[in-house]
file target_33.cif (mmCIF, C-alpha atoms)
data_input
#
loop_
_atom_site.group_PDB
_atom_site.id
_atom_site.type_symbol
_atom_site.label_atom_id
_atom_site.label_comp_id
_atom_site.auth_asym_id
_atom_site.auth_seq_id
_atom_site.Cartn_x
_atom_site.Cartn_y
_atom_site.Cartn_z
ATOM 1 C CA ASP A 19 21.312 3.177 -9.994
ATOM 2 C CA ILE A 20 18.614 0.984 -11.534
ATOM 3 C CA GLN A 21 16.093 2.999 -13.557
ATOM 4 C CA MET A 22 12.451 2.009 -13.448
ATOM 5 C CA THR A 23 10.228 3.056 -16.350
ATOM 6 C CA GLN A 24 6.451 2.746 -16.195
ATOM 7 C CA SER A 25 4.025 2.868 -19.073
ATOM 8 C CA PRO A 26 1.751 4.480 -19.719
ATOM 9 C CA SER A 27 2.287 7.623 -17.636
ATOM 10 C CA SER A 28 -1.470 8.026 -17.481
ATOM 11 C CA LEU A 29 -4.556 6.260 -18.680
ATOM 12 C CA SER A 30 -8.291 6.839 -18.730
ATOM 13 C CA ALA A 31 -10.581 3.974 -17.835
ATOM 14 C CA SER A 32 -14.118 3.234 -16.705
ATOM 15 C CA VAL A 33 -15.438 1.309 -13.739
ATOM 16 C CA GLY A 34 -15.353 -2.384 -14.592
ATOM 17 C CA ASP A 35 -12.478 -2.080 -17.064
ATOM 18 C CA ARG A 36 -9.407 -4.288 -16.987
ATOM 19 C CA VAL A 37 -6.328 -2.106 -16.493
ATOM 20 C CA THR A 38 -2.704 -3.095 -17.119
ATOM 21 C CA ILE A 39 0.353 -1.072 -16.112
ATOM 22 C CA THR A 40 3.843 -2.105 -17.078
ATOM 23 C CA CYS A 41 7.167 -1.456 -15.386
ATOM 24 C CA ARG A 42 10.566 -2.056 -16.945
ATOM 25 C CA ALA A 43 13.868 -2.108 -15.077
ATOM 26 C CA SER A 44 17.127 -0.933 -16.670
ATOM 27 C CA GLN A 45 18.711 -4.275 -15.696
ATOM 28 C CA THR A 46 17.482 -7.622 -14.497
ATOM 29 C CA ILE A 47 16.104 -7.527 -10.937
ATOM 30 C CA SER A 48 14.751 -11.086 -10.585
ATOM 31 C CA ASN A 49 11.444 -10.663 -8.712
ATOM 32 C CA TYR A 50 12.587 -7.778 -6.477
ATOM 33 C CA LEU A 51 9.688 -5.618 -7.584
ATOM 34 C CA ASN A 52 6.953 -4.004 -5.501
ATOM 35 C CA TRP A 53 3.823 -2.009 -6.394
ATOM 36 C CA TYR A 54 2.222 0.849 -4.462
ATOM 37 C CA GLN A 55 -0.985 2.851 -4.812
ATOM 38 C CA GLN A 56 -1.177 6.514 -3.849
ATOM 39 C CA LYS A 57 -4.334 8.587 -3.580
ATOM 40 C CA PRO A 58 -4.283 12.414 -3.489
ATOM 41 C CA GLY A 59 -2.977 13.788 -0.214
ATOM 42 C CA LYS A 60 -2.282 10.337 1.176
ATOM 43 C CA ALA A 61 0.769 8.188 1.753
ATOM 44 C CA PRO A 62 1.492 5.337 -0.658
ATOM 45 C CA LYS A 63 0.046 1.940 0.196
ATOM 46 C CA LEU A 64 1.716 -1.394 -0.567
ATOM 47 C CA LEU A 65 -0.272 -3.561 -3.000
ATOM 48 C CA ILE A 66 2.092 -6.240 -4.308
ATOM 49 C CA TYR A 67 5.550 -7.386 -3.197
ATOM 50 C CA ALA A 68 8.032 -9.774 -4.775
ATOM 51 C CA ALA A 69 6.388 -9.136 -8.157
ATOM 52 C CA SER A 70 3.291 -11.240 -7.537
ATOM 53 C CA SER A 71 2.528 -11.594 -3.810
ATOM 54 C CA LEU A 72 -0.606 -9.776 -2.705
ATOM 55 C CA GLN A 73 -0.224 -7.737 0.476
ATOM 56 C CA SER A 74 -2.658 -8.724 3.221
ATOM 57 C CA GLY A 75 -5.950 -6.849 2.953
ATOM 58 C CA VAL A 76 -5.526 -5.858 -0.692
ATOM 59 C CA PRO A 77 -8.449 -6.900 -2.919
ATOM 60 C CA SER A 78 -7.861 -9.873 -5.192
ATOM 61 C CA ARG A 79 -8.687 -7.816 -8.300
ATOM 62 C CA PHE A 80 -5.079 -6.586 -8.039
ATOM 63 C CA SER A 81 -2.397 -8.908 -9.345
ATOM 64 C CA GLY A 82 1.237 -8.669 -10.361
ATOM 65 C CA SER A 83 3.388 -10.684 -12.698
ATOM 66 C CA GLY A 84 6.787 -10.705 -14.304
ATOM 67 C CA SER A 85 10.395 -11.498 -13.593
ATOM 68 C CA GLY A 86 13.767 -10.291 -14.815
ATOM 69 C CA ALA A 87 13.238 -6.795 -16.148
ATOM 70 C CA ASP A 88 9.579 -6.645 -17.219
ATOM 71 C CA PHE A 89 6.641 -6.533 -14.846
ATOM 72 C CA THR A 90 2.910 -5.939 -14.955
ATOM 73 C CA LEU A 91 0.260 -4.745 -12.510
ATOM 74 C CA THR A 92 -3.270 -5.734 -13.481
ATOM 75 C CA ILE A 93 -6.580 -4.569 -12.048
ATOM 76 C CA THR A 94 -9.187 -6.992 -13.344
ATOM 77 C CA SER A 95 -12.318 -4.906 -12.742
ATOM 78 C CA LEU A 96 -11.612 -1.291 -11.927
ATOM 79 C CA GLN A 97 -13.550 0.077 -8.955
ATOM 80 C CA PRO A 98 -14.230 3.754 -8.100
ATOM 81 C CA GLU A 99 -11.717 3.621 -5.255
ATOM 82 C CA ASP A 100 -8.940 2.456 -7.615
ATOM 83 C CA PHE A 101 -8.518 5.822 -9.351
ATOM 84 C CA ALA A 102 -5.062 6.751 -8.095
ATOM 85 C CA ILE A 103 -1.380 6.845 -9.018
ATOM 86 C CA TYR A 104 0.515 3.554 -9.097
ATOM 87 C CA TYR A 105 4.263 3.217 -8.574
ATOM 88 C CA CYS A 106 6.604 0.297 -9.064
ATOM 89 C CA GLN A 107 9.778 0.043 -6.966
ATOM 90 C CA GLN A 108 12.828 -2.194 -7.144
ATOM 91 C CA SER A 109 14.571 -3.540 -4.064
ATOM 92 C CA TYR A 110 17.240 -5.550 -5.920
ATOM 93 C CA SER A 111 20.019 -3.080 -5.174
ATOM 94 C CA PHE A 112 20.659 0.183 -3.362
ATOM 95 C CA PRO A 113 19.382 2.747 -3.730
ATOM 96 C CA PRO A 114 15.778 1.563 -3.954
ATOM 97 C CA THR A 115 14.247 3.302 -6.939
ATOM 98 C CA PHE A 116 10.691 4.009 -8.041
ATOM 99 C CA GLY A 117 9.042 4.320 -11.408
ATOM 100 C CA GLN A 118 7.697 7.739 -12.329
ATOM 101 C CA GLY A 119 4.118 6.666 -11.628
ATOM 102 C CA THR A 120 1.031 5.840 -13.672
ATOM 103 C CA LYS A 121 -2.062 7.939 -13.075
ATOM 104 C CA VAL A 122 -5.329 6.045 -13.538
ATOM 105 C CA GLU A 123 -8.081 8.542 -14.283
ATOM 106 C CA MET A 124 -11.779 8.223 -14.839
ATOM 107 C CA LYS A 125 -12.857 8.229 -18.467
ATOM 108 C CA VAL O 4 1.203 -0.052 13.172
ATOM 109 C CA GLN O 5 1.516 3.706 13.344
ATOM 110 C CA LEU O 6 4.252 6.001 12.118
ATOM 111 C CA VAL O 7 3.776 9.678 12.942
ATOM 112 C CA GLU O 8 6.181 12.231 11.494
ATOM 113 C CA SER O 9 6.736 15.700 12.907
ATOM 114 C CA GLY O 10 9.154 18.587 12.620
ATOM 115 C CA GLY O 11 8.403 19.834 9.135
ATOM 116 C CA GLY O 12 7.955 23.483 8.305
ATOM 117 C CA VAL O 13 9.309 26.416 6.343
ATOM 118 C CA VAL O 14 13.076 26.945 6.537
ATOM 119 C CA GLN O 15 15.497 29.218 4.702
ATOM 120 C CA PRO O 16 18.092 27.807 2.308
ATOM 121 C CA GLY O 17 21.267 26.801 4.110
ATOM 122 C CA ARG O 18 19.519 26.262 7.450
ATOM 123 C CA SER O 19 18.835 23.025 9.333
ATOM 124 C CA LEU O 20 15.778 21.068 10.389
ATOM 125 C CA ARG O 21 15.255 17.842 12.313
ATOM 126 C CA LEU O 22 12.384 15.503 11.543
ATOM 127 C CA SER O 23 11.096 12.903 13.985
ATOM 128 C CA CYS O 24 9.002 9.797 13.477
ATOM 129 C CA ALA O 25 7.235 8.178 16.433
ATOM 130 C CA ALA O 26 6.487 4.493 15.910
ATOM 131 C CA SER O 27 3.975 2.262 17.638
ATOM 132 C CA GLY O 28 2.135 -1.007 17.138
ATOM 133 C CA PHE O 29 5.175 -3.116 16.309
ATOM 134 C CA THR O 30 8.572 -4.003 17.754
ATOM 135 C CA PHE O 31 10.455 -0.957 16.491
ATOM 136 C CA SER O 32 13.902 -2.338 17.315
ATOM 137 C CA ASN O 33 13.400 -5.299 14.935
ATOM 138 C CA TYR O 34 13.023 -3.355 11.690
ATOM 139 C CA GLY O 35 14.917 -1.138 9.337
ATOM 140 C CA ILE O 36 13.265 2.238 8.812
ATOM 141 C CA HIS O 37 13.561 4.540 5.815
ATOM 142 C CA TRP O 38 12.847 8.121 4.841
ATOM 143 C CA VAL O 39 11.221 8.569 1.430
ATOM 144 C CA ARG O 40 10.337 12.000 0.061
ATOM 145 C CA GLN O 41 8.001 13.389 -2.554
ATOM 146 C CA ALA O 42 8.426 16.846 -4.040
ATOM 147 C CA PRO O 43 5.148 18.680 -4.785
ATOM 148 C CA GLY O 44 3.456 17.065 -7.773
ATOM 149 C CA LYS O 45 6.364 14.662 -8.325
ATOM 150 C CA GLY O 46 7.157 11.009 -7.755
ATOM 151 C CA LEU O 47 8.704 9.139 -4.852
ATOM 152 C CA GLU O 48 12.400 9.387 -3.997
ATOM 153 C CA TRP O 49 14.183 7.237 -1.444
ATOM 154 C CA VAL O 50 16.319 9.291 0.953
ATOM 155 C CA ALA O 51 17.929 7.125 3.646
ATOM 156 C CA VAL O 52 17.716 3.916 5.663
ATOM 157 C CA ILE O 53 18.901 2.826 9.093
ATOM 158 C CA SER O 54 19.199 -0.784 10.181
ATOM 159 C CA TYR O 55 17.205 -2.206 13.075
ATOM 160 C CA ASP O 56 20.008 -1.576 15.565
ATOM 161 C CA GLY O 57 21.313 1.653 14.073
ATOM 162 C CA SER O 58 24.639 0.131 13.049
ATOM 163 C CA LYS O 59 24.170 0.568 9.305
ATOM 164 C CA LYS O 60 23.051 3.674 7.466
ATOM 165 C CA GLN O 61 22.783 4.420 3.761
ATOM 166 C CA TYR O 62 21.899 7.620 1.941
ATOM 167 C CA ALA O 63 20.799 8.771 -1.477
ATOM 168 C CA ASP O 64 23.497 10.706 -3.325
ATOM 169 C CA PRO O 65 21.586 14.057 -3.299
ATOM 170 C CA VAL O 66 21.552 14.113 0.537
ATOM 171 C CA LYS O 67 24.840 12.386 1.356
ATOM 172 C CA GLY O 68 26.959 14.534 3.648
ATOM 173 C CA ARG O 69 24.038 16.851 4.494
ATOM 174 C CA PHE O 70 21.423 14.539 6.079
ATOM 175 C CA THR O 71 21.897 12.162 9.001
ATOM 176 C CA ILE O 72 19.485 9.386 9.925
ATOM 177 C CA SER O 73 19.406 8.075 13.475
ATOM 178 C CA ARG O 74 17.125 6.199 15.835
ATOM 179 C CA ASP O 75 16.459 5.793 19.530
ATOM 180 C CA ASN O 76 15.053 2.326 20.113
ATOM 181 C CA SER O 77 14.330 3.119 23.756
ATOM 182 C CA LYS O 78 11.932 5.833 22.561
ATOM 183 C CA ASN O 79 10.655 4.062 19.416
ATOM 184 C CA THR O 80 11.661 7.132 17.442
ATOM 185 C CA LEU O 81 13.442 7.767 14.152
ATOM 186 C CA TYR O 82 15.141 11.035 13.257
ATOM 187 C CA LEU O 83 16.387 12.830 10.163
ATOM 188 C CA GLN O 84 18.795 15.707 10.747
ATOM 189 C CA MET O 85 18.810 17.858 7.613
ATOM 190 C CA ASN O 86 21.591 20.431 7.238
ATOM 191 C CA SER O 87 22.491 22.851 4.442
ATOM 192 C CA LEU O 88 18.968 22.654 3.094
ATOM 193 C CA ARG O 89 18.344 23.580 -0.534
ATOM 194 C CA ALA O 90 15.217 24.521 -2.448
ATOM 195 C CA ASP O 91 15.179 21.102 -4.120
ATOM 196 C CA ASP O 92 14.835 19.453 -0.684
ATOM 197 C CA THR O 93 11.283 20.811 -0.576
ATOM 198 C CA ALA O 94 9.041 17.758 -0.249
ATOM 199 C CA VAL O 95 6.761 15.696 1.913
ATOM 200 C CA TYR O 96 8.988 13.389 3.960
ATOM 201 C CA TYR O 97 7.598 9.962 4.804
ATOM 202 C CA CYS O 98 8.851 7.634 7.510
ATOM 203 C CA VAL O 99 8.565 4.085 6.171
ATOM 204 C CA LYS O 100 8.936 0.699 7.834
ATOM 205 C CA ASP O 101 10.452 -2.103 5.827
ATOM 206 C CA ARG O 102 9.902 -5.821 5.868
ATOM 207 C CA GLN O 103 11.776 -8.696 4.301
ATOM 208 C CA VAL O 104 9.967 -11.681 2.811
ATOM 209 C CA VAL O 105 12.542 -12.865 0.266
ATOM 210 C CA VAL O 106 12.545 -9.294 -1.038
ATOM 211 C CA THR O 107 12.507 -6.054 0.959
ATOM 212 C CA PHE O 108 9.463 -3.825 0.650
ATOM 213 C CA PHE O 109 7.862 -0.839 2.352
ATOM 214 C CA ASP O 110 4.834 -2.169 4.197
ATOM 215 C CA TYR O 111 3.818 0.799 6.383
ATOM 216 C CA TRP O 112 4.112 4.518 5.715
ATOM 217 C CA GLY O 113 3.528 7.532 7.943
ATOM 218 C CA GLN O 114 1.266 10.369 6.838
ATOM 219 C CA GLY O 115 4.234 12.544 5.953
ATOM 220 C CA THR O 116 5.535 15.932 7.054
ATOM 221 C CA LEU O 117 6.050 18.822 4.634
ATOM 222 C CA VAL O 118 9.395 20.564 4.466
ATOM 223 C CA THR O 119 9.500 23.802 2.490
ATOM 224 C CA VAL O 120 12.873 25.395 1.813
ATOM 225 C CA SER O 121 12.364 28.989 0.785
ATOM 226 C CA SER O 122 13.685 32.433 1.518
#
call {"tool": "encode", "arguments": {"input": "target_33.cif", "output": "structure tokens"}}
result
Amino acid sequence: DIQMTQSPSSLSASVGDRVTITCRASQTISNYLNWYQQKPGKAPKLLIYAASSLQSGVPSRFSGSGSGADFTLTITSLQPEDFAIYYCQQSYSFPPTFGQGTKVEMK
Amino acid sequence: VQLVESGGGVVQPGRSLRLSCAASGFTFSNYGIHWVRQAPGKGLEWVAVISYDGSKKQYADPVKGRFTISRDNSKNTLYLQMNSLRADDTAVYYCVKDRQVVVTFFDYWGQGTLVTVSS
């Protein structure tokens, strides 16, 4: 199975900050990388697919980049509703696997 | 698009449970559907997938041989039959629709149903 490792596991930030979360795959996965946001008690929500494509309806302050084994999710100006846990997920090979999550907390 | 799971609850170790997922708002028979679970306070774990027509099924190793995914396209419903349940199967189970645009991703998720395996 392909292992996905996110860093950091948690971070503290303030409204308006630029936030960057990284995700590393245990082998190359081209651009088969997706990002999800999960708020407490809710189901995950798709943010980015194919490493850099923004899902319809997702604010443009979210962006993704990377290819191969290293990927980044960036939030350019953190908003109050962005405090949540973020997961990366690879769809290069079965089984689909997720990173352990990055919790974005209020400073 | 709506995915509504049901059938969760408290069950003793070794017993069985069947989850259902009622889909609406899209052409159910055109899409693969997955089950993804999340143990309390933990991350996301993929469980199983069934192809659009039910002809192909794949399972995560921890559930292989114990869980069976199926679908009834005439009823727009997905199922997960869970046998020989163990304490480490305790989780919220999400029904998830997939979509392929070059890559495959999970574009819609249900609200989840909690399964608790405990004596």
call {"tool": "resolve_selection", "arguments": {"input": "target_33.cif", "expression": "the PyMOL selection byres ((chain A) within 12 of (chain O))", "output": "PyMOL selection string"}}
result
chain A and resi 19+22+24+27+47-75+103-121
call {"tool": "atom_distance", "arguments": {"input": "target_33.cif", "atom1": "atom CA of O:Ser9", "atom2": "atom CA of O:Arg102"}}
result
22.9 Å
call {"tool": "atom_distance", "arguments": {"input": "target_33.cif", "atom1": "atom CA of O:Leu6", "atom2": "atom CA of O:Ala25"}}
result
5.7 Å
call {"tool": "resolve_selection", "arguments": {"input": "target_33.cif", "expression": "the PyMOL selection byres ((chain A and resi 34-43) around 7)", "output": "ChimeraX atom specification"}}
result
/A:20-26,31-33,44-46,87-97,106
call {"tool": "resolve_selection", "arguments": {"input": "target_33.cif", "expression": "the PyMOL selection byres ((chain O and resi 75) around 12)", "output": "NGL selection string"}}
result
:O and (23-26 or 31-32 or 36 or 53-58 or 72-74 or 76-83)
call {"tool": "atom_distance", "arguments": {"input": "target_33.cif", "atom1": "atom CA of O:Lys100", "atom2": "atom CA of O:Gly35"}}
result
6.4 Å
call {"tool": "axis_aligned_box", "arguments": {"input": "target_33.cif", "around": "stretch 108-116 of chain O", "padding_each_side": "8 Å", "output": "lines of an AutoDock Vina configuration file"}}
result
center_x = 5.4
center_y = 6.1
center_z = 4.3
size_x = 24.2
size_y = 35.8
size_z = 23.3
call {"tool": "residues_around", "arguments": {"input": "target_33.cif", "residues": "O:Gln84", "least_positions_apart": "4", "cutoff": "7 Å", "atoms": "all atoms listed in the file", "output": "PyMOL selection string"}}
result
chain O and resi 20-22+70-72
call {"tool": "residues_around", "arguments": {"input": "target_33.cif", "residues": "A:Ser30", "least_positions_apart": "5", "cutoff": "8 Å", "atoms": "all atoms listed in the file", "output": "ChimeraX atom specification"}}
result
/A:122-125
